[in-house]
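Peer 1: Sharing run-v9.tsv below, TSV, C-alpha atoms:
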chain	number	residue	atom	x	y	z
A	1	MET	CA	-51.40	-23.26	-143.52
A	2	ARG	CA	-49.58	-20.99	-141.09
A	3	ASP	CA	-52.32	-21.52	-138.48
A	4	ASN	CA	-51.85	-25.29	-138.75
A	5	ILE	CA	-48.08	-24.91	-138.34
A	6	SER	CA	-48.56	-22.59	-135.36
A	7	GLY	CA	-51.04	-25.04	-133.82
A	8	ARG	CA	-48.68	-27.95	-134.23
A	9	SER	CA	-45.79	-25.91	-132.83
A	10	MET	CA	-47.83	-24.99	-129.74
A	11	ILE	CA	-48.85	-28.61	-129.16
A	12	GLU	CA	-45.28	-29.78	-129.66
A	13	MET	CA	-44.02	-27.15	-127.22
A	14	ILE	CA	-46.58	-28.22	-124.61
A	15	GLY	CA	-45.54	-31.84	-125.16
A	16	VAL	CA	-41.89	-30.95	-124.66
A	17	LEU	CA	-42.71	-29.05	-121.46
A	18	VAL	CA	-44.69	-32.00	-120.12
A	19	ILE	CA	-41.81	-34.37	-120.86
A	20	VAL	CA	-39.30	-32.02	-119.24
A	21	GLY	CA	-41.56	-31.72	-116.21
A	22	LEU	CA	-41.86	-35.48	-115.86
A	23	LEU	CA	-38.11	-35.89	-116.21
A	24	GLY	CA	-37.63	-33.23	-113.54
A	25	VAL	CA	-39.96	-35.06	-111.15
A	26	GLY	CA	-38.10	-38.30	-111.86
A	27	VAL	CA	-34.75	-36.66	-111.12
A	28	LEU	CA	-36.07	-35.22	-107.84
A	29	LEU	CA	-37.45	-38.61	-106.77
A	30	ALA	CA	-34.18	-40.32	-107.63
A	31	TYR	CA	-32.25	-37.65	-105.72
A	32	GLY	CA	-34.54	-38.06	-102.70
A	33	LYS	CA	-34.02	-41.82	-102.70
A	34	ALA	CA	-30.27	-41.39	-103.05
A	35	MET	CA	-30.23	-38.99	-100.09
A	36	ASP	CA	-32.29	-41.41	-97.99
A	37	ARG	CA	-29.85	-44.20	-98.81
A	38	TYR	CA	-26.93	-41.91	-97.92
A	39	ARG	CA	-28.45	-40.97	-94.55
A	40	ILE	CA	-29.15	-44.61	-93.67
A	41	ASN	CA	-25.60	-45.62	-94.57
A	42	VAL	CA	-24.25	-42.75	-92.48
A	43	MET	CA	-26.26	-43.89	-89.43
A	44	ILE	CA	-25.18	-47.51	-89.86
A	45	ASN	CA	-21.56	-46.40	-89.96
A	46	GLN	CA	-22.08	-44.14	-86.96
A	47	VAL	CA	-23.52	-46.92	-84.79
A	48	ASN	CA	-20.68	-49.24	-85.84
A	49	GLN	CA	-18.12	-46.57	-84.96
A	50	ILE	CA	-19.70	-45.85	-81.57
A	51	VAL	CA	-19.58	-49.55	-80.70
A	52	THR	CA	-15.97	-49.86	-81.87
A	53	ASN	CA	-14.92	-46.71	-79.99
A	54	THR	CA	-16.67	-47.92	-76.84
A	55	ARG	CA	-14.83	-51.22	-76.98
A	56	HIS	CA	-11.56	-49.37	-77.48
A	57	ALA	CA	-12.24	-47.11	-74.49
A	58	PHE	CA	-13.23	-50.14	-72.41
A	59	ASN	CA	-10.05	-52.02	-73.25
A	60	LEU	CA	-7.96	-49.05	-72.16
A	61	HIS	CA	-9.94	-48.45	-68.98
A	62	ALA	CA	-8.46	-49.66	-65.70
A	63	SER	CA	-11.71	-50.93	-64.19
A	64	ARG	CA	-12.54	-53.05	-67.24
A	65	GLY	CA	-16.21	-52.11	-67.12
A	66	TYR	CA	-18.48	-49.72	-69.01
A	67	LYS	CA	-20.00	-48.50	-65.75
A	68	SER	CA	-16.82	-46.58	-65.07
A	69	LEU	CA	-17.59	-44.38	-68.09
A	70	ASP	CA	-20.43	-42.99	-65.95
A	71	PHE	CA	-22.82	-41.92	-68.72
A	72	GLN	CA	-26.37	-41.01	-67.72
A	73	VAL	CA	-29.67	-41.16	-69.61
A	74	LYS	CA	-29.45	-37.73	-71.17
A	75	ALA	CA	-29.40	-36.15	-74.64
A	76	MET	CA	-25.84	-35.75	-75.86
A	77	SER	CA	-26.80	-32.48	-77.60
A	78	ASP	CA	-27.07	-30.78	-74.19
A	79	LYS	CA	-23.93	-28.64	-74.02
A	80	ASN	CA	-24.18	-28.58	-70.22
A	81	TYR	CA	-24.02	-32.35	-70.01
A	82	LYS	CA	-20.70	-32.90	-68.27
A	83	ASN	CA	-20.15	-36.31	-69.84
A	84	ARG	CA	-19.89	-34.74	-73.28
A	85	LYS	CA	-16.36	-33.85	-72.19
A	86	ILE	CA	-15.69	-37.52	-71.50
A	87	ALA	CA	-17.09	-38.41	-74.92
A	88	ASP	CA	-14.82	-35.84	-76.55
A	89	THR	CA	-11.78	-36.98	-74.59
A	90	ILE	CA	-12.08	-40.64	-75.54
A	91	ARG	CA	-13.44	-39.78	-79.01
A	92	LEU	CA	-16.51	-41.86	-78.41
A	93	PHE	CA	-18.58	-40.42	-81.26
A	94	PRO	CA	-17.59	-40.10	-84.91
A	95	GLU	CA	-16.77	-36.63	-86.20
A	96	SER	CA	-19.99	-36.50	-88.26
A	97	ILE	CA	-22.02	-36.61	-85.04
A	98	VAL	CA	-19.83	-34.11	-83.20
A	99	ARG	CA	-20.11	-31.62	-86.08
A	100	ASN	CA	-23.90	-31.97	-85.97
A	101	ASN	CA	-24.05	-30.99	-82.27
A	102	TYR	CA	-24.38	-34.63	-81.21
A	103	LYS	CA	-27.52	-35.24	-83.26
A	104	ASN	CA	-28.17	-37.84	-85.94
A	105	VAL	CA	-28.57	-37.09	-89.66
A	106	TYR	CA	-32.33	-36.52	-89.19
A	107	ASP	CA	-31.59	-33.95	-86.46
A	108	GLY	CA	-32.88	-36.31	-83.80
A	109	GLU	CA	-31.36	-36.66	-80.35
A	110	ILE	CA	-28.71	-39.24	-79.53
A	111	GLN	CA	-28.39	-40.87	-76.13
A	112	TYR	CA	-25.59	-43.11	-74.91
A	113	PHE	CA	-25.46	-44.69	-71.50
A	114	VAL	CA	-24.26	-47.71	-69.58
A	115	ASP	CA	-26.84	-50.33	-68.67
A	116	GLY	CA	-24.52	-52.74	-66.90
A	117	ALA	CA	-26.67	-55.82	-67.39
A	118	TYR	CA	-25.28	-58.37	-69.76
A	119	LYS	CA	-24.63	-61.08	-67.20
A	120	ALA	CA	-25.30	-60.56	-63.49
A	121	ASP	CA	-25.06	-56.77	-63.74
A	122	ASP	CA	-21.43	-57.00	-64.78
A	123	GLY	CA	-21.21	-53.47	-66.13
A	124	LYS	CA	-20.44	-54.70	-69.62
A	125	ALA	CA	-23.51	-53.53	-71.48
A	126	PHE	CA	-24.23	-50.13	-73.01
A	127	ILE	CA	-27.08	-48.60	-74.99
A	128	VAL	CA	-27.09	-46.32	-78.04
A	129	GLU	CA	-30.32	-44.51	-78.94
A	130	PHE	CA	-31.18	-42.56	-82.09
A	131	TYR	CA	-34.35	-40.48	-82.01
A	132	SER	CA	-36.73	-39.06	-84.66
A	133	ILE	CA	-36.06	-41.61	-87.40
A	134	PRO	CA	-38.47	-41.64	-90.41
A	135	THR	CA	-40.40	-44.82	-91.12
A	136	ASP	CA	-38.41	-46.09	-94.12
A	137	ALA	CA	-35.08	-45.52	-92.42
A	138	CYS	CA	-36.40	-47.09	-89.21
A	139	ILE	CA	-37.45	-50.24	-91.08
A	140	GLU	CA	-34.04	-50.61	-92.69
A	141	LEU	CA	-32.15	-49.98	-89.46
A	142	VAL	CA	-34.31	-52.42	-87.49
A	143	THR	CA	-34.03	-55.22	-90.06
A	144	LYS	CA	-30.25	-54.89	-90.41
A	145	ASN	CA	-28.36	-57.87	-89.03
A	146	TRP	CA	-26.59	-55.85	-86.33
A	147	GLN	CA	-25.52	-58.67	-84.06
A	148	THR	CA	-22.89	-60.03	-86.45
A	149	GLY	CA	-19.59	-59.14	-84.78
A	150	LEU	CA	-21.14	-56.33	-82.71
A	151	GLY	CA	-22.50	-58.18	-79.69
A	152	LEU	CA	-26.07	-56.90	-79.95
A	153	ILE	CA	-28.17	-58.11	-77.01
A	154	ALA	CA	-31.50	-56.40	-77.63
A	155	MET	CA	-33.18	-53.72	-79.68
A	156	LYS	CA	-36.18	-51.57	-78.92
A	157	VAL	CA	-38.32	-49.25	-81.04
A	158	LYS	CA	-40.65	-46.55	-79.80
A	159	GLY	CA	-43.31	-45.74	-82.36
A	160	SER	CA	-46.13	-43.22	-82.58
A	161	ALA	CA	-48.77	-44.26	-80.05
A	162	ASP	CA	-46.34	-45.65	-77.50
A	163	GLY	CA	-46.10	-43.47	-74.44
A	164	TYR	CA	-43.29	-45.61	-73.07
A	165	SER	CA	-40.10	-43.75	-72.38
A	166	ILE	CA	-36.90	-45.75	-72.79
A	167	GLN	CA	-34.85	-45.52	-69.62
A	168	SER	CA	-31.73	-47.26	-68.42
A	169	ALA	CA	-33.66	-50.26	-67.08
A	170	ALA	CA	-35.79	-50.67	-70.20
A	171	LEU	CA	-33.56	-53.29	-71.78
A	172	LYS	CA	-32.20	-54.76	-68.59
A	173	GLY	CA	-32.23	-58.53	-68.26
A	174	LYS	CA	-34.48	-60.72	-70.34
A	175	CYS	CA	-36.20	-58.78	-73.10
A	176	LYS	CA	-39.68	-60.08	-73.83
A	177	THR	CA	-40.45	-59.97	-77.53
A	178	GLN	CA	-43.57	-57.93	-78.26
A	179	TYR	CA	-45.31	-56.89	-81.46
A	180	LYS	CA	-48.20	-54.51	-80.79
A	181	LYS	CA	-49.68	-53.07	-83.94
A	182	GLY	CA	-50.72	-49.45	-83.51
A	183	VAL	CA	-48.72	-49.15	-80.31
A	184	GLY	CA	-45.22	-49.20	-81.70
A	185	LEU	CA	-43.54	-50.92	-78.77
A	186	PHE	CA	-41.05	-53.51	-79.87
A	187	CYS	CA	-38.41	-55.37	-77.97
A	188	ALA	CA	-36.47	-58.27	-79.45
A	189	GLU	CA	-33.62	-60.60	-78.70
A	190	ASP	CA	-34.20	-62.86	-81.68
A	191	PHE	CA	-32.46	-61.58	-84.80
A	192	PRO	CA	-32.63	-60.74	-87.58
A	193	VAL	CA	-35.93	-58.88	-87.28
A	194	THR	CA	-38.30	-59.60	-90.18
A	195	LEU	CA	-39.62	-56.95	-92.54
A	196	SER	CA	-43.23	-57.45	-91.39
A	197	GLN	CA	-42.21	-56.99	-87.76
A	198	ALA	CA	-40.30	-53.82	-88.58
A	199	VAL	CA	-43.22	-52.39	-90.56
A	200	THR	CA	-45.48	-52.99	-87.56
A	201	VAL	CA	-43.29	-51.16	-85.07
A	202	CYS	CA	-41.83	-48.35	-87.20
A	203	ASP	CA	-45.29	-46.82	-87.35
A	204	TYR	CA	-44.54	-43.12	-86.98
A	205	VAL	CA	-43.77	-41.09	-90.09
A	206	LYS	CA	-40.87	-39.11	-88.63
A	207	HIS	CA	-40.41	-39.87	-84.95
A	208	ASN	CA	-39.44	-43.49	-84.39
A	209	ASN	CA	-36.82	-43.97	-81.69
A	210	ILE	CA	-34.40	-46.89	-81.94
A	211	SER	CA	-32.43	-48.27	-79.03
A	212	TRP	CA	-29.60	-50.80	-79.44
A	213	LYS	CA	-28.08	-52.64	-76.48
A	214	PHE	CA	-24.58	-54.08	-76.89
A	215	PHE	CA	-22.25	-55.92	-74.58
In structure tokens, what does this structure look like?

Peer 2:
Amino acid sequence: MRDNISGRSMIEMIGVLVIVGLLGVGVLLAYGKAMDRYRINVMINQVNQIVTNTRHAFNLHASRGYKSLDFQVKAMSDKNYKNRKIADTIRLFPESIVRNNYKNVYDGEIQYFVDGAYKADDGKAFIVEFYSIPTDACIELVTKNWQTGLGLIAMKVKGSADGYSIQSAALKGKCKTQYKKGVGLFCAEDFPVTLSQAVTVCDYVKHNNISWKFF
């Protein structure tokens, strides 16, 4: 009789441990998803703030053009980059970026520079780039309807097999829409971007680069 009780107790204990383990896995998965959602929301807010701060700086600037801000194509995390001082002075970036040494929430580089090509090279266009974005976050950021109230002109994504380096002229003028599966190069002026298009271009697990051009 005691052996039967001991046997049942052991089985019950194993069952309890299995259930606890499954619950633990579920909690971890839920936490991971919640953190992913938090990071995405943070990046969305950061891009919105950068655009708003840029417009504010532009409105206060005597020359009335973004070109006068004189930002180059260079990682903002570089402490020797002289234009970081300009960014600090005009409070171009939100505090969450400044505290993270001018990197995004995935520890990827951030670039900000003037493109000056909205209409006839009028100096009223600028580009914000976030590097090293995971696939799921990339898909959500690309499919977001950014142009509403923000003046988005074009968006570009650099995926895994794309050796193309985004430079200041990359989004200049007319942006030809391209969807190249397995290449990861994407440039669009027609928004919003569809889910299938985003899945095609956000093809690198951790290192998708997103570039937004605003006027």

Peer 1: Find the residues near segment 86-89 of chain A: any atom within 9 Å, counting only C-alpha atoms, skip ones fewer than 3 places away on the same chain, and give them as a list of chain:residue names.

Peer 2: A:Leu69, A:Phe71, A:Lys82, A:Asn83, A:Leu92, A:Phe93, A:Val98

Peer 1: To test the calculation: enclose all listed atoms of segment 81-91 of chain A in a box whose edges run along x, y and z, add 6 Å on each side, then state centre and edge lengths in Å to one decimal, as lines of an AutoDock Vina configuration file.

Peer 2:
center_x = -17.9
center_y = -36.5
center_z = -73.6
size_x = 24.2
size_y = 20.3
size_z = 22.7

Peer 1: Excluding Val128 of chain A and any residue of its chain fewer than 3 positions from it, enumerate the residues within 6 Å of it, using all atoms listed in the file, and give them as a list in words.

Peer 2: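 Residues meeting the cut-off are Gln111, Tyr112, Ser211 and Trp212 of chain A.
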
Peer 1: Which residue gives the smallest distance to Asn208 of chain A among A:Phe113, A:Gly108, A:Ala125, A:Ala154, with all atoms listed in the file counted?

Peer 2: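 Looking only at the distances to Asn208 of chain A, the closest residue turns out to be A:Gly108.
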
Peer 1: Contacts between segment 39-47 of chain A and segment 81-119 of chain A, please, where a residue of segment 81-119 of chain A counts if it comes within 10 Å (with all atoms listed in the file); show its shortest atom pair and distance in Å to one decimal, rows by chain and ascending number, as JSON lines.

Peer 2:
{"residue": "A:Phe93", "atom": "CA", "partner": "A:Gln46", "partner_atom": "CA", "distance": 7.7}
{"residue": "A:Pro94", "atom": "CA", "partner": "A:Gln46", "partner_atom": "CA", "distance": 6.4}
{"residue": "A:Glu95", "atom": "CA", "partner": "A:Gln46", "partner_atom": "CA", "distance": 9.2}
{"residue": "A:Ser96", "atom": "CA", "partner": "A:Gln46", "partner_atom": "CA", "distance": 8.0}
{"residue": "A:Ile97", "atom": "CA", "partner": "A:Gln46", "partner_atom": "CA", "distance": 7.8}
{"residue": "A:Asn104", "atom": "CA", "partner": "A:Met43", "partner_atom": "CA", "distance": 7.2}
{"residue": "A:Val105", "atom": "CA", "partner": "A:Arg39", "partner_atom": "CA", "distance": 6.2}
{"residue": "A:Tyr106", "atom": "CA", "partner": "A:Arg39", "partner_atom": "CA", "distance": 8.0}

Peer 1: Between A:Lys79, A:His207, A:His56, A:Arg37, single out the one closest to Glu140 of chain A, counting all atoms listed in the file.

Peer 2: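 When distances to Glu140 of chain A are compared using all atoms listed in the file, the smallest one comes from A:Arg37.
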
Peer 1: For Val73 of chain A, which residue out of A:Asp115, A:Asp136, A:Asp107, A:Asp36 is the nearest one, using all atoms listed in the file?

Peer 2: A:Asp115

Peer 1: Go through A:Glu109, A:Ala137, A:Leu152, A:Val114 and flag the residue nearest Cys202 of chain A, using only C-alpha atoms for the distances.

Peer 2: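 Closest residue, counting only C-alpha atoms: A:Ala137.
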
Peer 1: Measuring between all atoms listed in the file, which one of A:Leu195, A:Ile133, A:Met155, A:Leu150 shows the shortest distance to Asn209 of chain A?

Peer 2: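 Closest to Asn209 of chain A, using all atoms listed in the file: A:Ile133.
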
Peer 1: Which of these, A:Thr200, A:Ser77, A:Ser9, A:Asn53, has the shortest distance to Val157 of chain A once you count only C-alpha atoms?

Peer 2: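 Smallest distance to Val157 of chain A is found for A:Thr200.
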
Peer 1: Interatomic distance between atom CA of Pro134 of chain A and atom CA of Arg99 of chain A?

Peer 2: 21.4 Å
